[in-house]
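This report refers to the structure that appears directly beneath it.
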Amino acid sequence: METIAFMMHLNEGQKQAYKKRHDEIWPELKKVLKEAGISDYAIFLDEETNILFAVQKVTENSTRQNLKNEEVVKKWWDFMADIMEVNPDNSPVAKPLEKVFYMA
């Protein structure tokens, strides 16, 4: 199991919309994420910068790189595009973060 982290950017004033949408995450999306080997997925918000910090555990044989091909993932991206920074295909602009410290 590996832990990965990345940052995204939330548009100004969209905290409540973002939280509400994730509180009501679609069961079919959650299923696809779990099937791809993702677990313990958490997203935190720095309200001063509107930076979203995400951390998730992924299995050794994770297929998370293939999620971009899943219809439910594409629909989620479209659903979220109005409240966060996105790429031309509506996927979130995500910056991977390097782990520089870990304490067990």
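By convention in this document, the chains of the structure tokens carry letters A, B, ... by their order, each chain's residues are numbered from 1, and ligands are numbered from 1 in the order they are shown.
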
Problem set entry | Selection: 10 Å around stretch 39-54 of chain A, only C-alpha atoms, excl. self and same-chain fewer than 2 positions, as a PyMOL selection string | chain A and resi 1+3-15+19+22+30+33-37+56-59+84+94-97

Problem set entry | Long-range neighbours of A:Pro88 as JSON, numbers by chain, 12 Å cut-off, only C-alpha atoms, 6 positions minimum in chain | {"A": [74, 77, 78, 81]}

Problem set entry | Residue nearest A:Val32 - candidates A:Glu70, A:Lys20, A:Ser62, A:Val55, atoms counted: only C-alpha atoms |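 When distances to A:Val32 are compared using only C-alpha atoms, the smallest one comes from A:Glu70.
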
Exercise. Of the residues A:Phe79, A:Asp89, A:Ala104, A:Lys99, which is the one nearest to A:Tyr18, using only C-alpha atoms?
Worked result: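 Ranking A:Phe79, A:Asp89, A:Ala104, A:Lys99 by distance to A:Tyr18, first place goes to A:Phe79.
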
For this session: Quick one: pick out all strand (DSSP E or B) residues within chain A from a backbone DSSP run and write them as number ranges by chain.
Result: A: 2-10, 38-46, 51-58, 84, 86, 92, 95-97

Problem set entry | Every residue of stretch 10-43 of chain A that DSSP places in alpha helix (DSSP H), as a ChimeraX atom specification | /A:15-23,27-35

For this session: Could you please determine the separation between atom CA of A:Trp76 and atom CA of A:Thr63 in Å, to one decimal place?
Result: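 Spanning atom CA of A:Trp76 to atom CA of A:Thr63 is a straight-line distance of 17.9 Å.
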
Problem set entry | Atom-to-atom span, atom CA of A:Ile38 and atom CA of A:Glu2, Å |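 Pair atom CA of A:Ile38 / atom CA of A:Glu2 returns 9.8 Å.
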